[in-house]
Amino acid sequence: MKKIYPNAAAALDGLLHDGMFIAAGGFGLCGIPELLLSAIKDAGTKDLTFASNNAGVDDFGIGILLQTRQVKKMISSYVGENAEFMRQYLSGELELEFNPQGTLAERMRAGGCGIPGFYTKTGVGTVIADGKEHKDFNGETYIMEEGIFADLAIVKAWKADATGNLVFRKTARNFNPPAAMCGKTCVAEVEEIVPTGSLDPDSIHLPGIYVHRLIQGEHEKRIEQRTVRSA
């Protein structure tokens, strides 16, 4: 099956529809699928639910979709760098489901493994636990979290081969692999596509069985908080 597409719009062709649920990789601005997010913006797809560690910043990452009011709900861990995100949430324009980072990553991984739910101690006794099933194990209370099963996963990797095997670079590995796993269809953007067989099998972070479509592109790689010494 051919997996390589010429650009982000072509790779998303036939996959987008209003009201869909998208899992997006990345951590802060590191490893975010910026080309695919831009293509979703251009497609005008609306009423979207995103599961993502954060929503980027005001003019980059998922933030560009918040600006155009294409996002209905965010399932996230951190919102602190995005003023528009906070404004829409506080004004009641945007639904928000807070998840601790580890819980969100595990919900994605669980969905990718076909696990509908799991128990965790994280969030017990806080608003995170409100309305969730509680169960005691060995004298400790846990809450049940559901696996995430998204319509589409969009991720960004460093290298891929033509079969979709992916290698991530440093921090970009955080949320991208579990996000990729939990989508019915996964589209990945990468910096380089190498010949099949050239990747060391022990260095592959995500097997190509999870990746359905693939593009190569140029990436901006912004720095979220630039700190430098004075001259």
# chains A, B, ... in the order shown; residues from 1 in each chain; ligands from 1
$ residues_around --residues "region 127-141 of chain A" --least-positions-apart "2" --cutoff "12 Å" --atoms "only C-alpha atoms" --output "number ranges by chain"
A: 77, 96-100, 103-104, 117-125, 143-146
$ closest_atom_pairs --of "region 74-146 of chain A" --to "region 26-35 of chain A" --cutoff "10 Å" --atoms "only C-alpha atoms" --output "tab-separated table"
residue	atom	partner	partner_atom	distance
A:Tyr78	CA	A:Gly28	CA	8.8
A:Val79	CA	A:Gly28	CA	9.7
A:Glu81	CA	A:Gly28	CA	8.6
$ write_last_selection --atoms "N, CA, C and O atoms" --output "short mmCIF file (atom, residue, chain, number, x, y, z; two decimals), in the first residue's frame"
data_model
loop_
_atom_site.label_atom_id
_atom_site.label_comp_id
_atom_site.auth_asym_id
_atom_site.auth_seq_id
_atom_site.Cartn_x
_atom_site.Cartn_y
_atom_site.Cartn_z
N TYR A 78 -2.19 21.21 29.45
CA TYR A 78 -1.58 22.51 29.73
C TYR A 78 -2.10 23.54 28.74
O TYR A 78 -2.14 23.28 27.54
N VAL A 79 -2.49 24.70 29.25
CA VAL A 79 -3.04 25.74 28.39
C VAL A 79 -2.35 27.08 28.59
O VAL A 79 -2.78 28.09 28.06
N GLU A 81 0.30 28.79 27.63
CA GLU A 81 1.01 29.63 26.66
C GLU A 81 0.08 30.21 25.60
O GLU A 81 0.54 30.87 24.67
#
$ atom_distance --atom1 "CA of Glu95 (chain A)" --atom2 "CA of Gly44 (chain A)"
19.3 Å
$ closest_residue --among "A:Arg87, A:His219, A:Lys46, A:Lys170" --to "Thr68 (chain A)" --atoms "only C-alpha atoms"
A:Lys46
$ closest_residue --among "A:Phe149, A:Phe168, A:Phe175, A:Tyr210" --to "Glu191 (chain A)" --atoms "only C-alpha atoms"
A:Phe168
$ residues_around --residues "Val187 (chain A)" --least-positions-apart "5" --cutoff "10 Å" --atoms "only C-alpha atoms" --output "ChimeraX atom specification"
/A:3-5,8,11-12,15,33,36,152-156,164,180,210-215
$ residues_around --residues "region 193-207 of chain A" --least-positions-apart "5" --cutoff "8 Å" --atoms "only C-alpha atoms" --output "PyMOL selection string"
chain A and resi 159-168+177+216
$ atom_distance --atom1 "CA of Ala150 (chain A)" --atom2 "CA of Met1 (chain A)"
22.2 Å
$ select_by_dssp --residues "region 60-218 of chain A" --states "strand (DSSP E or B)" --output "ChimeraX atom specification"
/A:60,71-76,95-98,117-120,134-137,140-146,150-161,166-167,183-194,206,213-216
$ closest_residue --among "A:Leu48, A:Ala105, A:Ile115, A:Ile40" --to "Gly61 (chain A)" --atoms "only C-alpha atoms"
A:Ile40
$ atom_distance --atom1 "CA of Ile148 (chain A)" --atom2 "CA of Cys182 (chain A)"
6.3 Å
$ closest_residue --among "A:Leu65, A:Met86, A:Met181, A:Ala157" --to "Ile209 (chain A)" --atoms "only C-alpha atoms"
A:Met181
$ select_by_dssp --residues "region 131-219 of chain A" --states "alpha helix (DSSP H)" --output "number ranges by chain"
A: 176-181
$ write_last_selection --atoms "C-alpha atoms" --output "mmCIF file, in the first residue's frame"
data_model
loop_
_atom_site.group_PDB
_atom_site.id
_atom_site.type_symbol
_atom_site.label_atom_id
_atom_site.label_comp_id
_atom_site.auth_asym_id
_atom_site.auth_seq_id
_atom_site.Cartn_x
_atom_site.Cartn_y
_atom_site.Cartn_z
ATOM 1 C CA ASN A 176 3.689 11.499 19.268
ATOM 2 C CA PRO A 177 3.884 7.675 19.548
ATOM 3 C CA PRO A 178 0.776 7.255 21.764
ATOM 4 C CA ALA A 179 -1.131 9.841 19.703
ATOM 5 C CA ALA A 180 -0.285 7.962 16.511
ATOM 6 C CA MET A 181 -1.459 4.683 18.001
#
